[in-house]
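S.K.: input01.cif is reproduced below (mmCIF, C-alpha atoms; chains and numbers go by the auth columns).
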```
data_model
#
loop_
_atom_site.group_PDB
_atom_site.id
_atom_site.type_symbol
_atom_site.label_atom_id
_atom_site.label_comp_id
_atom_site.label_asym_id
_atom_site.label_seq_id
_atom_site.Cartn_x
_atom_site.Cartn_y
_atom_site.Cartn_z
_atom_site.B_iso_or_equiv
_atom_site.auth_seq_id
_atom_site.auth_asym_id
ATOM 1 C CA MET A 1 -36.110 24.707 23.758 0.00 55 A
ATOM 2 C CA ASN A 2 -34.081 27.713 24.820 0.00 56 A
ATOM 3 C CA ASP A 3 -36.974 29.110 26.829 0.00 57 A
ATOM 4 C CA LEU A 4 -36.890 26.319 29.380 0.00 58 A
ATOM 5 C CA THR A 5 -35.657 27.061 32.854 0.00 59 A
ATOM 6 C CA TRP A 6 -33.872 24.549 35.030 0.00 60 A
ATOM 7 C CA SER A 7 -34.163 24.683 38.796 0.00 61 A
ATOM 8 C CA PRO A 8 -31.142 23.717 40.886 0.00 62 A
ATOM 9 C CA GLY A 9 -32.811 20.388 41.687 0.00 63 A
ATOM 10 C CA GLU A 10 -33.459 19.730 38.014 0.00 64 A
ATOM 11 C CA LYS A 11 -29.901 20.609 37.130 0.00 65 A
ATOM 12 C CA ALA A 12 -28.649 18.083 39.671 0.00 66 A
ATOM 13 C CA ALA A 13 -31.014 15.403 38.352 0.00 67 A
ATOM 14 C CA ALA A 14 -30.050 16.198 34.764 0.00 68 A
ATOM 15 C CA ARG A 15 -26.338 16.004 35.533 0.00 69 A
ATOM 16 C CA LYS A 16 -26.766 12.656 37.214 0.00 70 A
ATOM 17 C CA ALA A 17 -28.796 11.204 34.347 0.00 71 A
ATOM 18 C CA PHE A 18 -26.423 12.631 31.752 0.00 72 A
ATOM 19 C CA ASP A 19 -23.375 11.159 33.485 0.00 73 A
ATOM 20 C CA LEU A 20 -25.085 7.799 33.846 0.00 74 A
ATOM 21 C CA ALA A 21 -25.933 7.582 30.139 0.00 75 A
ATOM 22 C CA LEU A 22 -22.415 8.657 29.195 0.00 76 A
ATOM 23 C CA LYS A 23 -20.863 6.129 31.534 0.00 77 A
ATOM 24 C CA ARG A 24 -23.017 3.349 30.070 0.00 78 A
ATOM 25 C CA GLU A 25 -22.050 4.310 26.559 0.00 79 A
ATOM 26 C CA LEU A 26 -18.343 4.437 27.415 0.00 80 A
ATOM 27 C CA ASP A 27 -18.528 1.121 29.255 0.00 81 A
ATOM 28 C CA GLU A 28 -20.046 -0.402 26.142 0.00 82 A
ATOM 29 C CA VAL A 29 -17.224 0.934 23.955 0.00 83 A
ATOM 30 C CA ILE A 30 -14.657 -0.399 26.420 0.00 84 A
ATOM 31 C CA ARG A 31 -16.310 -3.815 26.410 0.00 85 A
ATOM 32 C CA LYS A 32 -16.525 -3.958 22.607 0.00 86 A
ATOM 33 C CA THR A 33 -12.948 -2.746 22.219 0.00 87 A
ATOM 34 C CA LYS A 34 -11.676 -5.521 24.457 0.00 88 A
ATOM 35 C CA GLU A 35 -13.705 -8.072 22.512 0.00 89 A
ATOM 36 C CA ARG A 36 -12.542 -6.808 19.129 0.00 90 A
ATOM 37 C CA ALA A 37 -8.907 -6.542 20.183 0.00 91 A
ATOM 38 C CA ALA A 38 -8.912 -10.086 21.501 0.00 92 A
ATOM 39 C CA LYS A 39 -10.108 -11.294 18.074 0.00 93 A
ATOM 40 C CA ILE A 40 -7.577 -9.378 15.935 0.00 94 A
ATOM 41 C CA GLN A 41 -5.765 -11.656 13.521 0.00 95 A
ATOM 42 C CA GLU A 42 -4.936 -9.502 10.490 0.00 96 A
ATOM 43 C CA PRO A 43 -3.612 -5.947 10.145 0.00 97 A
ATOM 44 C CA SER A 44 -6.955 -5.048 8.569 0.00 98 A
ATOM 45 C CA ASP A 45 -8.657 -5.978 11.860 0.00 99 A
ATOM 46 C CA LEU A 46 -6.300 -3.551 13.593 0.00 100 A
ATOM 47 C CA TRP A 47 -7.229 -0.626 11.368 0.00 101 A
ATOM 48 C CA LYS A 48 -10.914 -1.492 11.607 0.00 102 A
ATOM 49 C CA LEU A 49 -10.564 -1.187 15.374 0.00 103 A
ATOM 50 C CA GLU A 50 -8.899 2.194 14.916 0.00 104 A
ATOM 51 C CA ASP A 51 -11.755 3.327 12.651 0.00 105 A
ATOM 52 C CA TYR A 52 -14.302 2.075 15.170 0.00 106 A
ATOM 53 C CA LEU A 53 -12.653 4.008 18.014 0.00 107 A
ATOM 54 C CA THR A 54 -12.359 7.187 15.958 0.00 108 A
ATOM 55 C CA GLU A 55 -16.027 7.041 14.966 0.00 109 A
ATOM 56 C CA ARG A 56 -17.235 6.281 18.475 0.00 110 A
ATOM 57 C CA ARG A 57 -15.136 9.082 19.947 0.00 111 A
ATOM 58 C CA LYS A 58 -16.535 11.608 17.480 0.00 112 A
ATOM 59 C CA GLU A 59 -20.078 10.411 17.999 0.00 113 A
ATOM 60 C CA ILE A 60 -19.819 10.505 21.783 0.00 114 A
ATOM 61 C CA ASP A 61 -18.191 13.947 21.748 0.00 115 A
ATOM 62 C CA THR A 62 -21.014 15.274 19.607 0.00 116 A
ATOM 63 C CA LYS A 63 -23.858 13.520 21.360 0.00 117 A
ATOM 64 C CA TYR A 64 -23.028 14.349 24.956 0.00 118 A
ATOM 65 C CA ASP A 65 -23.406 18.103 24.823 0.00 119 A
ATOM 66 C CA TYR A 66 -24.316 19.438 28.255 0.00 120 A
ATOM 67 C CA ARG A 67 -25.751 22.786 27.287 0.00 121 A
ATOM 68 C CA TYR A 68 -29.207 23.422 28.698 0.00 122 A
ATOM 69 C CA SER A 69 -30.295 24.687 25.287 0.00 123 A
ATOM 70 C CA VAL A 70 -29.882 21.220 23.795 0.00 124 A
ATOM 71 C CA LEU A 71 -30.122 18.958 26.817 0.00 125 A
ATOM 72 C CA LEU A 72 -33.658 17.739 26.155 0.00 126 A
ATOM 73 C CA TRP A 73 -32.509 16.574 22.714 0.00 127 A
ATOM 74 C CA VAL A 74 -29.718 14.629 24.372 0.00 128 A
ATOM 75 C CA PHE A 75 -32.187 12.958 26.724 0.00 129 A
ATOM 76 C CA ILE A 76 -34.599 12.155 23.887 0.00 130 A
ATOM 77 C CA ARG A 77 -31.792 10.488 21.980 0.00 131 A
ATOM 78 C CA VAL A 78 -30.385 8.446 24.847 0.00 132 A
ATOM 79 C CA ARG A 79 -33.898 7.397 25.849 0.00 133 A
ATOM 80 C CA GLN A 80 -34.515 6.257 22.268 0.00 134 A
ATOM 81 C CA GLU A 81 -31.261 4.354 22.303 0.00 135 A
ATOM 82 C CA GLY A 82 -32.295 2.624 25.509 0.00 136 A
ATOM 83 C CA ARG A 83 -29.464 4.122 27.543 0.00 137 A
ATOM 84 C CA LEU A 84 -31.714 5.668 30.191 0.00 138 A
ATOM 85 C CA THR A 85 -35.070 4.709 31.640 0.00 139 A
ATOM 86 C CA GLU A 86 -37.757 7.268 32.351 0.00 140 A
ATOM 87 C CA GLU A 87 -37.241 6.561 36.046 0.00 141 A
ATOM 88 C CA GLU A 88 -33.641 7.669 35.718 0.00 142 A
ATOM 89 C CA LEU A 89 -34.868 11.092 34.608 0.00 143 A
ATOM 90 C CA GLN A 90 -36.920 11.618 37.744 0.00 144 A
ATOM 91 C CA GLY A 91 -36.206 15.007 39.255 0.00 145 A
ATOM 92 C CA LEU A 92 -36.945 16.828 36.000 0.00 146 A
ATOM 93 C CA SER A 93 -40.217 18.722 35.864 0.00 147 A
ATOM 94 C CA GLN A 94 -43.300 16.945 34.542 0.00 148 A
ATOM 95 C CA ASP A 95 -43.266 19.369 31.600 0.00 149 A
ATOM 96 C CA LYS A 96 -39.747 18.305 30.623 0.00 150 A
ATOM 97 C CA LEU A 97 -40.533 14.619 31.042 0.00 151 A
ATOM 98 C CA ASP A 98 -43.579 15.095 28.808 0.00 152 A
ATOM 99 C CA ARG A 99 -41.513 16.879 26.197 0.00 153 A
ATOM 100 C CA ILE A 100 -38.945 14.069 26.212 0.00 154 A
ATOM 101 C CA ARG A 101 -41.699 11.479 25.803 0.00 155 A
ATOM 102 C CA ARG A 102 -43.320 13.451 22.991 0.00 156 A
ATOM 103 C CA GLY A 103 -39.909 13.941 21.358 0.00 157 A
ATOM 104 C CA MET A 104 -39.329 10.190 21.374 0.00 158 A
ATOM 105 C CA GLY A 105 -42.558 9.737 19.453 0.00 159 A
ATOM 106 C CA VAL A 106 -41.729 12.414 16.896 0.00 160 A
ATOM 107 C CA LEU A 107 -38.062 11.891 16.081 0.00 161 A
ATOM 108 C CA MET B 1 20.209 6.620 -4.478 0.00 121 B
ATOM 109 C CA ASN B 2 18.164 6.960 -7.642 0.00 122 B
ATOM 110 C CA ASP B 3 21.038 5.711 -9.799 0.00 123 B
ATOM 111 C CA LEU B 4 20.951 2.210 -8.352 0.00 124 B
ATOM 112 C CA THR B 5 19.729 -0.619 -10.513 0.00 125 B
ATOM 113 C CA TRP B 6 17.921 -3.637 -9.131 0.00 126 B
ATOM 114 C CA SER B 7 18.227 -7.011 -10.871 0.00 127 B
ATOM 115 C CA PRO B 8 15.180 -9.303 -10.893 0.00 128 B
ATOM 116 C CA GLY B 9 16.878 -11.441 -8.220 0.00 129 B
ATOM 117 C CA GLU B 10 17.503 -8.380 -6.058 0.00 130 B
ATOM 118 C CA LYS B 11 13.951 -7.204 -6.471 0.00 131 B
ATOM 119 C CA ALA B 12 12.703 -10.576 -5.267 0.00 132 B
ATOM 120 C CA ALA B 13 15.057 -10.521 -2.271 0.00 133 B
ATOM 121 C CA ALA B 14 14.107 -6.924 -1.468 0.00 134 B
ATOM 122 C CA ARG B 15 10.417 -7.697 -1.616 0.00 135 B
ATOM 123 C CA LYS B 16 10.824 -10.657 0.685 0.00 136 B
ATOM 124 C CA ALA B 17 12.851 -8.664 3.229 0.00 137 B
ATOM 125 C CA PHE B 18 10.486 -5.690 3.048 0.00 138 B
ATOM 126 C CA ASP B 19 7.439 -7.899 3.616 0.00 139 B
ATOM 127 C CA LEU B 20 9.159 -9.651 6.507 0.00 140 B
ATOM 128 C CA ALA B 21 10.008 -6.385 8.282 0.00 141 B
ATOM 129 C CA LEU B 22 6.490 -5.050 7.717 0.00 142 B
ATOM 130 C CA LYS B 23 4.941 -8.246 9.004 0.00 143 B
ATOM 131 C CA ARG B 24 7.087 -8.116 12.132 0.00 144 B
ATOM 132 C CA GLU B 25 6.112 -4.521 12.764 0.00 145 B
ATOM 133 C CA LEU B 26 2.409 -5.223 12.287 0.00 146 B
ATOM 134 C CA ASP B 27 2.595 -8.302 14.494 0.00 147 B
ATOM 135 C CA GLU B 28 4.107 -6.135 17.200 0.00 148 B
ATOM 136 C CA VAL B 29 1.301 -3.572 16.913 0.00 149 B
ATOM 137 C CA ILE B 30 -1.288 -6.362 17.075 0.00 150 B
ATOM 138 C CA ARG B 31 0.355 -7.824 20.170 0.00 151 B
ATOM 139 C CA LYS B 32 0.595 -4.435 21.917 0.00 152 B
ATOM 140 C CA THR B 33 -2.991 -3.547 20.982 0.00 153 B
ATOM 141 C CA LYS B 34 -4.276 -6.760 22.533 0.00 154 B
ATOM 142 C CA GLU B 35 -2.240 -6.082 25.673 0.00 155 B
ATOM 143 C CA ARG B 36 -3.395 -2.481 25.964 0.00 156 B
ATOM 144 C CA ALA B 37 -7.040 -3.309 25.272 0.00 157 B
ATOM 145 C CA ALA B 38 -7.039 -6.013 27.920 0.00 158 B
ATOM 146 C CA LYS B 39 -5.840 -3.421 30.461 0.00 159 B
ATOM 147 C CA ILE B 40 -8.369 -0.666 29.642 0.00 160 B
ATOM 148 C CA GLN B 41 -10.182 0.560 32.722 0.00 161 B
ATOM 149 C CA GLU B 42 -11.006 4.217 32.068 0.00 162 B
ATOM 150 C CA PRO B 43 -12.314 6.053 29.002 0.00 163 B
ATOM 151 C CA SER B 44 -8.963 7.849 28.860 0.00 164 B
ATOM 152 C CA ASP B 45 -7.270 4.462 28.286 0.00 165 B
ATOM 153 C CA LEU B 46 -9.633 3.937 25.371 0.00 166 B
ATOM 154 C CA TRP B 47 -8.690 7.191 23.674 0.00 167 B
ATOM 155 C CA LYS B 48 -5.010 6.590 24.344 0.00 168 B
ATOM 156 C CA LEU B 49 -5.369 3.308 22.465 0.00 169 B
ATOM 157 C CA GLU B 50 -7.027 5.161 19.614 0.00 170 B
ATOM 158 C CA ASP B 51 -4.165 7.686 19.536 0.00 171 B
ATOM 159 C CA TYR B 52 -1.624 4.867 19.614 0.00 172 B
ATOM 160 C CA LEU B 53 -3.272 3.119 16.665 0.00 173 B
ATOM 161 C CA THR B 54 -3.565 6.332 14.649 0.00 174 B
ATOM 162 C CA GLU B 55 0.098 7.149 15.197 0.00 175 B
ATOM 163 C CA ARG B 56 1.326 3.656 14.401 0.00 176 B
ATOM 164 C CA ARG B 57 -0.778 3.512 11.244 0.00 177 B
ATOM 165 C CA LYS B 58 0.631 6.810 9.994 0.00 178 B
ATOM 166 C CA GLU B 59 4.170 5.834 10.869 0.00 179 B
ATOM 167 C CA ILE B 60 3.897 2.445 9.178 0.00 180 B
ATOM 168 C CA ASP B 61 2.273 3.920 6.070 0.00 181 B
ATOM 169 C CA THR B 62 5.104 6.430 5.773 0.00 182 B
ATOM 170 C CA LYS B 63 7.949 4.094 6.626 0.00 183 B
ATOM 171 C CA TYR B 64 7.097 1.182 4.351 0.00 184 B
ATOM 172 C CA ASP B 65 7.493 2.903 1.014 0.00 185 B
ATOM 173 C CA TYR B 66 8.401 0.348 -1.644 0.00 186 B
ATOM 174 C CA ARG B 67 9.845 2.644 -4.263 0.00 187 B
ATOM 175 C CA TYR B 68 13.290 1.621 -5.460 0.00 188 B
ATOM 176 C CA SER B 69 14.386 5.252 -5.160 0.00 189 B
ATOM 177 C CA VAL B 70 13.969 5.126 -1.372 0.00 190 B
ATOM 178 C CA LEU B 71 14.197 1.420 -0.620 0.00 191 B
ATOM 179 C CA LEU B 72 17.724 1.502 0.802 0.00 192 B
ATOM 180 C CA TRP B 73 16.580 4.134 3.321 0.00 193 B
ATOM 181 C CA VAL B 74 13.796 1.807 4.346 0.00 194 B
ATOM 182 C CA PHE B 75 16.247 -1.035 4.867 0.00 195 B
ATOM 183 C CA ILE B 76 18.669 1.187 6.798 0.00 196 B
ATOM 184 C CA ARG B 77 15.867 2.202 9.109 0.00 197 B
ATOM 185 C CA VAL B 78 14.453 -1.252 9.746 0.00 198 B
ATOM 186 C CA ARG B 79 17.976 -2.610 10.253 0.00 199 B
ATOM 187 C CA GLN B 80 18.588 0.149 12.820 0.00 200 B
ATOM 188 C CA GLU B 81 15.328 -0.681 14.534 0.00 201 B
ATOM 189 C CA GLY B 82 16.358 -4.318 14.736 0.00 202 B
ATOM 190 C CA ARG B 83 13.522 -5.521 12.528 0.00 203 B
ATOM 191 C CA LEU B 84 15.763 -7.262 9.977 0.00 204 B
ATOM 192 C CA THR B 85 19.124 -8.997 10.240 0.00 205 B
ATOM 193 C CA GLU B 86 21.814 -8.563 7.621 0.00 206 B
ATOM 194 C CA GLU B 87 21.291 -12.215 6.675 0.00 207 B
ATOM 195 C CA GLU B 88 17.681 -11.442 5.822 0.00 208 B
ATOM 196 C CA LEU B 89 18.920 -8.973 3.199 0.00 209 B
ATOM 197 C CA GLN B 90 20.967 -11.588 1.382 0.00 210 B
ATOM 198 C CA GLY B 91 20.235 -11.518 -2.307 0.00 211 B
ATOM 199 C CA LEU B 92 20.989 -7.803 -2.571 0.00 212 B
ATOM 200 C CA SER B 93 24.286 -6.887 -4.243 0.00 213 B
ATOM 201 C CA GLN B 94 27.339 -6.446 -2.060 0.00 214 B
ATOM 202 C CA ASP B 95 27.324 -2.771 -2.991 0.00 215 B
ATOM 203 C CA LYS B 96 23.801 -2.311 -1.621 0.00 216 B
ATOM 204 C CA LEU B 97 24.584 -4.269 1.543 0.00 217 B
ATOM 205 C CA ASP B 98 27.638 -2.054 2.057 0.00 218 B
ATOM 206 C CA ARG B 99 25.556 1.089 1.556 0.00 219 B
ATOM 207 C CA ILE B 100 23.005 -0.120 4.086 0.00 220 B
ATOM 208 C CA ARG B 101 25.743 -0.864 6.607 0.00 221 B
ATOM 209 C CA ARG B 102 27.371 2.520 6.013 0.00 222 B
ATOM 210 C CA GLY B 103 24.010 4.223 6.271 0.00 223 B
ATOM 211 C CA MET B 104 23.385 2.614 9.644 0.00 224 B
ATOM 212 C CA GLY B 105 26.602 4.172 10.882 0.00 225 B
ATOM 213 C CA VAL B 106 25.806 7.607 9.537 0.00 226 B
ATOM 214 C CA LEU B 107 22.143 8.120 10.311 0.00 227 B
#
```
Rewrite the structure from the file as structure tokens, please.

M.R.:
Amino acid sequence: MNDLTWSPGEKAAARKAFDLALKRELDEVIRKTKERAAKIQEPSDLWKLEDYLTERRKEIDTKYDYRYSVLLWVFIRVRQEGRLTEEELQGLSQDKLDRIRRGMGVL
Amino acid sequence: MNDLTWSPGEKAAARKAFDLALKRELDEVIRKTKERAAKIQEPSDLWKLEDYLTERRKEIDTKYDYRYSVLLWVFIRVRQEGRLTEEELQGLSQDKLDRIRRGMGVL
């Protein structure tokens, strides 16, 4: 996908969509962390929470990679995970939207 | 301190005191984790909680070393940290209690 070009308008739309998906994912981790912490009873629950946070941090760091060379993959993944609607990607070219939709069917 | 001998009665008393100090420390981490989680607002708070848990886990794993060769050091440290009273070490020989008290003055 390295041959794609991104107009300034597309870059702005992509940044907005990217930040929205990331914010939703982080809000979900915050919500789950609060829930899990409130239920801790045993030390093992404590270390399970630590493991959960470590895994989520690594996954989020890896997933949210804002390089244009991989950005369509990021959007395919967050669309598949239900973190963005197609409407929230408006502003990207029709070609890119089509590629994301096709990618969702393939991966 | 490798030359010390531990009678069965002392071993039982040591185990009880060790477990009590460890339980107190873990209960404190659980309490603080619940407090911190309840206050999370930003993603940075989330990762600070993760760092806190990782550090506390490492520290606790290192500190609570139940080998007789290092056990007096453990008791000196938890006494210094206020996690055990001298009364809670009753059952150890007077010589060991004296060493712990002297160690608290030296370290």

S.K.: Would you please work out which residue, of B:Glu179, B:Asp185, B:Asp165, B:Asp139, is nearest to chain A when using all atoms listed in the file?

M.R.: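 When distances to chain A are compared using all atoms listed in the file, the smallest one comes from B:Asp165.
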
S.K.: Grab the atom CA of Glu130 of chain B to atom CA of Ser213 of chain B distance for me, in Å with one decimal place.

M.R.: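 Atom-to-atom, atom CA of Glu130 of chain B to atom CA of Ser213 of chain B, that is 7.2 Å.
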
S.K.: Residues within 9 Å of segment 166-170 of chain B, please, as a ChimeraX atom specification. Count only C-alpha atoms; anything in the same chain fewer than 2 positions from it doesn't count.

M.R.: /A:80,83-84,87,103-105,107-108,111 /B:153,156-157,160-164,172-175

S.K.: Translate the PyMOL selection byres ((chain B and resi 203-210) around 10) into a concrete residue list for this structure, as an NGL selection string.

M.R.: :B and (130 or 133-138 or 140-145 or 195-202 or 211-214 or 216-217 or 220-221)

S.K.: Could you jot down the atom CA of Leu125 of chain A to atom CA of Asp81 of chain A separation for me, Å, one decimal place?

M.R.: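 We find that atom CA of Leu125 of chain A and atom CA of Asp81 of chain A lie 21.4 Å from each other.
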
S.K.: For each of B:Glu148, B:Thr182, B:Gly129, B:Tyr188, take the minimum atom-to-atom distance to chain A, counting all atoms listed in the file, then give the residue where this is smallest.

M.R.: B:Glu148

S.K.: Using all atoms listed in the file, find the one residue out of A:Arg153, A:Val128, A:Pro62, A:Asp115 that sits nearest to chain B.

M.R.: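 Ranked by minimum distance to chain B, first place goes to A:Asp115.
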
S.K.: Go through A:Arg85, A:Lys117, A:Gly159, A:Asp152 one by one, measure the shortest atom-to-atom distance of each to chain B using all atoms listed in the file, and give the residue with the smallest value.

M.R.: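 Among the listed residues, A:Arg85 lies closest to chain B.
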
S.K.: Choose the residue, out of A:Val124, A:Ile114, A:Ala92, A:Val160, that has the smallest atom-to-atom separation from chain B; count only C-alpha atoms.

M.R.: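 Nearest to chain B: A:Ala92.
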
S.K.: When you count all atoms listed in the file, which of these residues is closest to chain B: A:Arg110, A:Arg156, A:Lys88, A:Arg121?

M.R.: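 Smallest distance to chain B is found for A:Lys88.
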
S.K.: Running the PyMOL selection byres ((chain B and resi 123) around 12) on this model by hand, what would come out? Give it as a ChimeraX atom specification.

M.R.: /B:121-122,124-126,188-190,192,216

S.K.: Report, in Å to a single decimal, how far apart atom CA of Asp149 of chain A and atom CA of Tyr120 of chain A are.

M.R.: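 Atom CA of Asp149 of chain A lies 19.2 Å from atom CA of Tyr120 of chain A.
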
S.K.: Grab all the atoms of segment 130-148 of chain A that the file lists, wrap them in a box along x, y and z, add 4 Å per side, and give me centre plus edge lengths in Å (one decimal) as JSON.

M.R.:
```
{"center_x": -36.4, "center_y": 10.7, "center_z": 30.6, "size_x": 21.8, "size_y": 24.1, "size_z": 25.3}
```

S.K.: Grab segment 83-100 of chain A from that structure and dump N, CA and C atoms to a file, as a PDB file, in the first residue's frame.

M.R.:
```pdb
ATOM      1  N   VAL A  83     -10.340   0.445  27.918  1.00  0.00           N
ATOM      2  CA  VAL A  83      -9.368  -0.111  28.880  1.00  0.00           C
ATOM      3  C   VAL A  83      -9.527   0.576  30.240  1.00  0.00           C
ATOM      4  N   ILE A  84      -9.758   1.874  30.219  1.00  0.00           N
ATOM      5  CA  ILE A  84      -9.964   2.587  31.490  1.00  0.00           C
ATOM      6  C   ILE A  84     -11.205   2.030  32.209  1.00  0.00           C
ATOM      7  N   ARG A  85     -12.266   1.858  31.462  1.00  0.00           N
ATOM      8  CA  ARG A  85     -13.506   1.353  32.068  1.00  0.00           C
ATOM      9  C   ARG A  85     -13.292  -0.042  32.643  1.00  0.00           C
ATOM     10  N   LYS A  86     -12.655  -0.923  31.867  1.00  0.00           N
ATOM     11  CA  LYS A  86     -12.438  -2.295  32.352  1.00  0.00           C
ATOM     12  C   LYS A  86     -11.490  -2.332  33.542  1.00  0.00           C
ATOM     13  N   THR A  87     -10.483  -1.452  33.518  1.00  0.00           N
ATOM     14  CA  THR A  87      -9.535  -1.414  34.635  1.00  0.00           C
ATOM     15  C   THR A  87     -10.239  -1.013  35.924  1.00  0.00           C
ATOM     16  N   LYS A  88     -11.101  -0.030  35.832  1.00  0.00           N
ATOM     17  CA  LYS A  88     -11.852   0.392  37.021  1.00  0.00           C
ATOM     18  C   LYS A  88     -12.733  -0.752  37.534  1.00  0.00           C
ATOM     19  N   GLU A  89     -13.378  -1.432  36.603  1.00  0.00           N
ATOM     20  CA  GLU A  89     -14.242  -2.556  36.995  1.00  0.00           C
ATOM     21  C   GLU A  89     -13.434  -3.659  37.666  1.00  0.00           C
ATOM     22  N   ARG A  90     -12.313  -4.023  37.030  1.00  0.00           N
ATOM     23  CA  ARG A  90     -11.504  -5.118  37.570  1.00  0.00           C
ATOM     24  C   ARG A  90     -10.906  -4.744  38.911  1.00  0.00           C
ATOM     25  N   ALA A  91     -10.432  -3.517  39.032  1.00  0.00           N
ATOM     26  CA  ALA A  91      -9.811  -3.087  40.293  1.00  0.00           C
ATOM     27  C   ALA A  91     -10.837  -3.121  41.420  1.00  0.00           C
ATOM     28  N   ALA A  92     -12.047  -2.693  41.114  1.00  0.00           N
ATOM     29  CA  ALA A  92     -13.072  -2.662  42.159  1.00  0.00           C
ATOM     30  C   ALA A  92     -13.385  -4.065  42.665  1.00  0.00           C
ATOM     31  N   LYS A  93     -13.141  -5.080  41.820  1.00  0.00           N
ATOM     32  CA  LYS A  93     -13.472  -6.467  42.203  1.00  0.00           C
ATOM     33  C   LYS A  93     -12.297  -7.238  42.795  1.00  0.00           C
ATOM     34  N   ILE A  94     -11.125  -6.612  42.905  1.00  0.00           N
ATOM     35  CA  ILE A  94      -9.947  -7.346  43.408  1.00  0.00           C
ATOM     36  C   ILE A  94     -10.189  -7.824  44.835  1.00  0.00           C
ATOM     37  N   GLN A  95      -9.920  -9.100  45.057  1.00  0.00           N
ATOM     38  CA  GLN A  95     -10.018  -9.633  46.419  1.00  0.00           C
ATOM     39  C   GLN A  95      -8.710 -10.305  46.835  1.00  0.00           C
ATOM     40  N   GLU A  96      -8.063 -10.967  45.897  1.00  0.00           N
ATOM     41  CA  GLU A  96      -6.862 -11.752  46.184  1.00  0.00           C
ATOM     42  C   GLU A  96      -5.663 -11.123  45.482  1.00  0.00           C
ATOM     43  N   PRO A  97      -4.445 -11.375  46.008  1.00  0.00           N
ATOM     44  CA  PRO A  97      -3.256 -10.908  45.294  1.00  0.00           C
ATOM     45  C   PRO A  97      -3.222 -11.387  43.841  1.00  0.00           C
ATOM     46  N   SER A  98      -3.736 -12.590  43.588  1.00  0.00           N
ATOM     47  CA  SER A  98      -3.698 -13.083  42.204  1.00  0.00           C
ATOM     48  C   SER A  98      -4.535 -12.188  41.284  1.00  0.00           C
ATOM     49  N   ASP A  99      -5.611 -11.599  41.819  1.00  0.00           N
ATOM     50  CA  ASP A  99      -6.414 -10.677  41.008  1.00  0.00           C
ATOM     51  C   ASP A  99      -5.595  -9.437  40.644  1.00  0.00           C
ATOM     52  N   LEU A 100      -4.743  -9.035  41.588  1.00  0.00           N
ATOM     53  CA  LEU A 100      -3.885  -7.866  41.394  1.00  0.00           C
ATOM     54  C   LEU A 100      -2.932  -8.106  40.234  1.00  0.00           C
TER      55      LEU A 100
END
```
